[in-house]
Amino acid sequence: PSYVSDLIGGNTEIRNVASSFFATVHSYMPIVSKKTFYDHFLNPFLQRRADVAFLSLCIKLILWVPSDSAQGSEPQTVDYLAGKQYLAELESAGVFTVPMLQGRVLISMYEFGHGIYPAAYMSIGACAAHAFALGLGGERDVGEVGGRRLAWVEHEERRRVWWAIVILERFVGSFLSLCCLC
């Protein structure tokens, strides 16, 4: 939709935001394959997919810093609200892909990092359900999807997303349980 494409811009803008993402956030939460993102998702000869547009918006969102923003210090920015709305639209349309899940994880990280509770807790729970629906995690994730053997990069990306969800769930759950004790 136009409200998403206006926020993420064209391939040049997405490429600039992705460059910042891979230089910063990716170093401590490497859930998006740099090669896949640049080679496949930003290919100018392919039509932009809805799930990739969502991931691009979430990559932009996770880079937001309150002091650097013209929008002030309120974390419920236009990008955040657009991301949540687009997520609901994709979900209701039945889109369940790894790029969509990666975007969901980035939204959960954003909510946790900016103190948006209990949304952070609910978001990470939805990530776990989404991952489970895709067959990620545990013994079910055998490196095949629909009888097709996954490339090493795809399989590793799926494993990293799963472990990011596990780690975030532990952090968010522990943090909220400590907050409730106070």
# chains A, B, ... in the order shown; residues from 1 in each chain; ligands from 1
>>> select_by_dssp(residues="region 49-94 of chain A", states="alpha helix (DSSP H)", output="count of residues only")
28
>>> residues_around(residues="Ile116 (chain A)", least_positions_apart="4", cutoff="9 Å", atoms="only C-alpha atoms", output="compact mmCIF listing (two decimals) with all heavy atoms, in the first residue's frame")
# COMPACT_ATOMS: atom_id res chain seq x y z
N PRO A 75 7.97 6.82 21.11
CA PRO A 75 8.32 5.66 20.28
C PRO A 75 7.21 5.16 19.37
O PRO A 75 7.47 4.40 18.46
CB PRO A 75 8.72 4.60 21.31
CG PRO A 75 8.04 5.00 22.55
CD PRO A 75 7.94 6.50 22.53
N GLN A 76 5.98 5.58 19.60
CA GLN A 76 4.90 5.14 18.72
C GLN A 76 4.84 6.06 17.51
O GLN A 76 3.92 6.84 17.33
CB GLN A 76 3.59 5.06 19.49
CG GLN A 76 3.66 3.96 20.53
CD GLN A 76 2.31 3.58 21.08
OE1 GLN A 76 1.28 3.94 20.54
NE2 GLN A 76 2.32 2.82 22.15
N TYR A 110 11.96 -3.69 18.84
CA TYR A 110 11.68 -2.26 18.94
C TYR A 110 10.79 -1.99 20.15
O TYR A 110 11.06 -1.07 20.94
CB TYR A 110 11.00 -1.78 17.65
CG TYR A 110 10.64 -0.31 17.67
CD1 TYR A 110 11.58 0.65 17.31
CD2 TYR A 110 9.37 0.12 18.04
CE1 TYR A 110 11.27 1.99 17.32
CE2 TYR A 110 9.05 1.46 18.06
CZ TYR A 110 10.00 2.40 17.70
OH TYR A 110 9.68 3.73 17.72
N GLU A 111 9.73 -2.76 20.30
CA GLU A 111 8.80 -2.56 21.42
C GLU A 111 9.50 -2.78 22.76
O GLU A 111 9.34 -1.99 23.69
CB GLU A 111 7.60 -3.50 21.28
CG GLU A 111 6.68 -3.11 20.16
CD GLU A 111 5.62 -4.14 19.84
OE1 GLU A 111 5.79 -5.34 20.18
OE2 GLU A 111 4.60 -3.75 19.23
N PHE A 112 10.30 -3.82 22.84
CA PHE A 112 11.03 -4.09 24.08
C PHE A 112 12.04 -2.98 24.37
O PHE A 112 12.12 -2.47 25.48
CB PHE A 112 11.74 -5.45 24.01
CG PHE A 112 12.50 -5.80 25.25
CD1 PHE A 112 11.85 -6.01 26.45
CD2 PHE A 112 13.88 -5.91 25.22
CE1 PHE A 112 12.56 -6.32 27.60
CE2 PHE A 112 14.60 -6.22 26.36
CZ PHE A 112 13.93 -6.43 27.55
N ALA A 120 5.15 -5.63 23.67
CA ALA A 120 6.36 -6.41 23.40
C ALA A 120 6.14 -7.88 23.74
O ALA A 120 6.56 -8.77 22.99
CB ALA A 120 7.54 -5.84 24.19
>>> closest_residue(among="A:Ala82, A:Trp64, A:Leu90, A:Asn11", to="Gln47 (chain A)", atoms="only C-alpha atoms")
A:Asn11
>>> closest_residue(among="A:Ser123, A:Thr77, A:Thr12, A:Thr97", to="Ile62 (chain A)", atoms="only C-alpha atoms")
A:Thr77
>>> residues_around(residues="Ile107 (chain A)", least_positions_apart="3", cutoff="10 Å", atoms="only C-alpha atoms", output="MDAnalysis selection string")
chainID A and resid 55 57:59 61:62 80 83:84 87 101:104 110:113 119:120 123:124 127
>>> closest_residue(among="A:Tyr121, A:Tyr38, A:Tyr3, A:Phe45", to="Phe22 (chain A)", atoms="only C-alpha atoms")
A:Tyr38
>>> residues_around(residues="Ala131 (chain A)", least_positions_apart="3", cutoff="12 Å", atoms="only C-alpha atoms", output="PDB file with N, CA and C atoms, in the first residue's frame")
ATOM      1  N   PHE A  96       2.336 -15.785   5.438  1.00  0.00           N
ATOM      2  CA  PHE A  96       3.196 -16.315   6.496  1.00  0.00           C
ATOM      3  C   PHE A  96       4.499 -16.758   5.855  1.00  0.00           C
ATOM      4  N   THR A  97       5.484 -15.879   5.904  1.00  0.00           N
ATOM      5  CA  THR A  97       6.778 -16.150   5.296  1.00  0.00           C
ATOM      6  C   THR A  97       7.881 -15.817   6.291  1.00  0.00           C
ATOM      7  N   VAL A  98       9.083 -16.257   5.987  1.00  0.00           N
ATOM      8  CA  VAL A  98      10.230 -15.943   6.846  1.00  0.00           C
ATOM      9  C   VAL A  98      10.511 -14.440   6.867  1.00  0.00           C
ATOM     10  N   PRO A  99      10.497 -13.716   5.726  1.00  0.00           N
ATOM     11  CA  PRO A  99      10.712 -12.268   5.812  1.00  0.00           C
ATOM     12  C   PRO A  99       9.675 -11.558   6.689  1.00  0.00           C
ATOM     13  N   MET A 100       8.433 -12.026   6.641  1.00  0.00           N
ATOM     14  CA  MET A 100       7.412 -11.432   7.501  1.00  0.00           C
ATOM     15  C   MET A 100       7.733 -11.717   8.970  1.00  0.00           C
ATOM     16  N   LEU A 101       8.168 -12.929   9.255  1.00  0.00           N
ATOM     17  CA  LEU A 101       8.551 -13.279  10.625  1.00  0.00           C
ATOM     18  C   LEU A 101       9.752 -12.454  11.082  1.00  0.00           C
ATOM     19  N   GLN A 102      10.714 -12.244  10.212  1.00  0.00           N
ATOM     20  CA  GLN A 102      11.872 -11.421  10.562  1.00  0.00           C
ATOM     21  C   GLN A 102      11.433 -10.004  10.913  1.00  0.00           C
ATOM     22  N   ARG A 104       8.524  -9.187  12.084  1.00  0.00           N
ATOM     23  CA  ARG A 104       7.835  -9.305  13.382  1.00  0.00           C
ATOM     24  C   ARG A 104       8.842  -9.290  14.532  1.00  0.00           C
ATOM     25  N   VAL A 105       9.937 -10.008  14.361  1.00  0.00           N
ATOM     26  CA  VAL A 105      10.970 -10.044  15.401  1.00  0.00           C
ATOM     27  C   VAL A 105      11.545  -8.641  15.610  1.00  0.00           C
ATOM     28  N   ILE A 124       6.138 -10.912  20.852  1.00  0.00           N
ATOM     29  CA  ILE A 124       7.094 -12.025  20.815  1.00  0.00           C
ATOM     30  C   ILE A 124       6.349 -13.362  20.885  1.00  0.00           C
ATOM     31  N   GLY A 125       5.224 -13.382  21.578  1.00  0.00           N
ATOM     32  CA  GLY A 125       4.396 -14.589  21.585  1.00  0.00           C
ATOM     33  C   GLY A 125       3.841 -14.892  20.196  1.00  0.00           C
ATOM     34  N   ALA A 126       3.439 -13.844  19.477  1.00  0.00           N
ATOM     35  CA  ALA A 126       2.945 -14.017  18.110  1.00  0.00           C
ATOM     36  C   ALA A 126       4.068 -14.477  17.189  1.00  0.00           C
ATOM     37  N   CYS A 127       5.297 -14.018  17.458  1.00  0.00           N
ATOM     38  CA  CYS A 127       6.449 -14.477  16.666  1.00  0.00           C
ATOM     39  C   CYS A 127       6.637 -15.983  16.847  1.00  0.00           C
ATOM     40  N   ALA A 128       6.513 -16.440  18.069  1.00  0.00           N
ATOM     41  CA  ALA A 128       6.685 -17.872  18.337  1.00  0.00           C
ATOM     42  C   ALA A 128       5.618 -18.687  17.612  1.00  0.00           C
ATOM     43  N   LEU A 134       5.483 -21.985  10.566  1.00  0.00           N
ATOM     44  CA  LEU A 134       6.426 -22.162   9.454  1.00  0.00           C
ATOM     45  C   LEU A 134       7.320 -23.390   9.622  1.00  0.00           C
ATOM     46  N   GLY A 135       7.208 -24.065  10.769  1.00  0.00           N
ATOM     47  CA  GLY A 135       8.021 -25.252  11.008  1.00  0.00           C
ATOM     48  C   GLY A 135       9.407 -24.952  11.527  1.00  0.00           C
ATOM     49  N   LEU A 136       9.614 -23.767  12.086  1.00  0.00           N
ATOM     50  CA  LEU A 136      10.923 -23.409  12.625  1.00  0.00           C
ATOM     51  C   LEU A 136      11.077 -23.940  14.044  1.00  0.00           C
ATOM     52  N   GLY A 137      12.313 -24.201  14.411  1.00  0.00           N
ATOM     53  CA  GLY A 137      12.630 -24.580  15.781  1.00  0.00           C
ATOM     54  C   GLY A 137      12.463 -26.058  16.062  1.00  0.00           C
ATOM     55  N   GLY A 138      13.244 -26.507  16.997  1.00  0.00           N
ATOM     56  CA  GLY A 138      13.128 -27.871  17.456  1.00  0.00           C
ATOM     57  C   GLY A 138      13.451 -28.909  16.395  1.00  0.00           C
ATOM     58  N   ARG A 140      11.401 -30.243  14.321  1.00  0.00           N
ATOM     59  CA  ARG A 140      10.610 -30.104  13.093  1.00  0.00           C
ATOM     60  C   ARG A 140      11.399 -29.406  11.999  1.00  0.00           C
ATOM     61  N   ASP A 141      12.387 -28.593  12.369  1.00  0.00           N
ATOM     62  CA  ASP A 141      13.153 -27.821  11.396  1.00  0.00           C
ATOM     63  C   ASP A 141      14.317 -28.669  10.886  1.00  0.00           C
ATOM     64  N   ARG A 158      16.721 -19.377   8.999  1.00  0.00           N
ATOM     65  CA  ARG A 158      15.574 -19.877   9.769  1.00  0.00           C
ATOM     66  C   ARG A 158      15.978 -20.223  11.208  1.00  0.00           C
ATOM     67  N   ARG A 159      17.139 -20.856  11.361  1.00  0.00           N
ATOM     68  CA  ARG A 159      17.622 -21.198  12.707  1.00  0.00           C
ATOM     69  C   ARG A 159      17.882 -19.935  13.529  1.00  0.00           C
ATOM     70  N   ARG A 160      18.481 -18.941  12.913  1.00  0.00           N
ATOM     71  CA  ARG A 160      18.791 -17.695  13.628  1.00  0.00           C
ATOM     72  C   ARG A 160      17.524 -16.958  14.051  1.00  0.00           C
ATOM     73  N   VAL A 161      16.523 -16.960  13.183  1.00  0.00           N
ATOM     74  CA  VAL A 161      15.252 -16.328  13.542  1.00  0.00           C
ATOM     75  C   VAL A 161      14.636 -17.052  14.734  1.00  0.00           C
ATOM     76  N   TRP A 162      14.658 -18.370  14.700  1.00  0.00           N
ATOM     77  CA  TRP A 162      14.093 -19.140  15.807  1.00  0.00           C
ATOM     78  C   TRP A 162      14.811 -18.811  17.124  1.00  0.00           C
ATOM     79  N   TRP A 163      16.124 -18.810  17.099  1.00  0.00           N
ATOM     80  CA  TRP A 163      16.861 -18.539  18.330  1.00  0.00           C
ATOM     81  C   TRP A 163      16.704 -17.095  18.790  1.00  0.00           C
ATOM     82  N   ALA A 164      16.524 -16.175  17.887  1.00  0.00           N
ATOM     83  CA  ALA A 164      16.237 -14.788  18.270  1.00  0.00           C
ATOM     84  C   ALA A 164      14.907 -14.717  19.020  1.00  0.00           C
ATOM     85  N   ILE A 165      13.929 -15.478  18.547  1.00  0.00           N
ATOM     86  CA  ILE A 165      12.623 -15.508  19.223  1.00  0.00           C
ATOM     87  C   ILE A 165      12.761 -16.097  20.617  1.00  0.00           C
ATOM     88  N   VAL A 166      13.490 -17.183  20.734  1.00  0.00           N
ATOM     89  CA  VAL A 166      13.693 -17.812  22.050  1.00  0.00           C
ATOM     90  C   VAL A 166      14.367 -16.833  23.007  1.00  0.00           C
TER      91      VAL A 166
END
>>> closest_residue(among="A:Ala129, A:Gln85, A:Val32, A:His114", to="Pro66 (chain A)", atoms="only C-alpha atoms")
A:His114
>>> atom_distance(atom1="CA of Ala53 (chain A)", atom2="CA of Phe171 (chain A)")
27.7 Å
>>> atom_distance(atom1="CA of Ala23 (chain A)", atom2="CA of Glu154 (chain A)")
20.9 Å
>>> closest_residue(among="A:Val65, A:Ala93, A:Thr36, A:Met122", to="Glu156 (chain A)", atoms="only C-alpha atoms")
A:Thr36
>>> atom_distance(atom1="CA of Val52 (chain A)", atom2="CA of Ser27 (chain A)")
20.6 Å
>>> closest_residue(among="A:Ala50, A:Val4, A:Leu63, A:Val172", to="Asn16 (chain A)", atoms="only C-alpha atoms")
A:Leu63
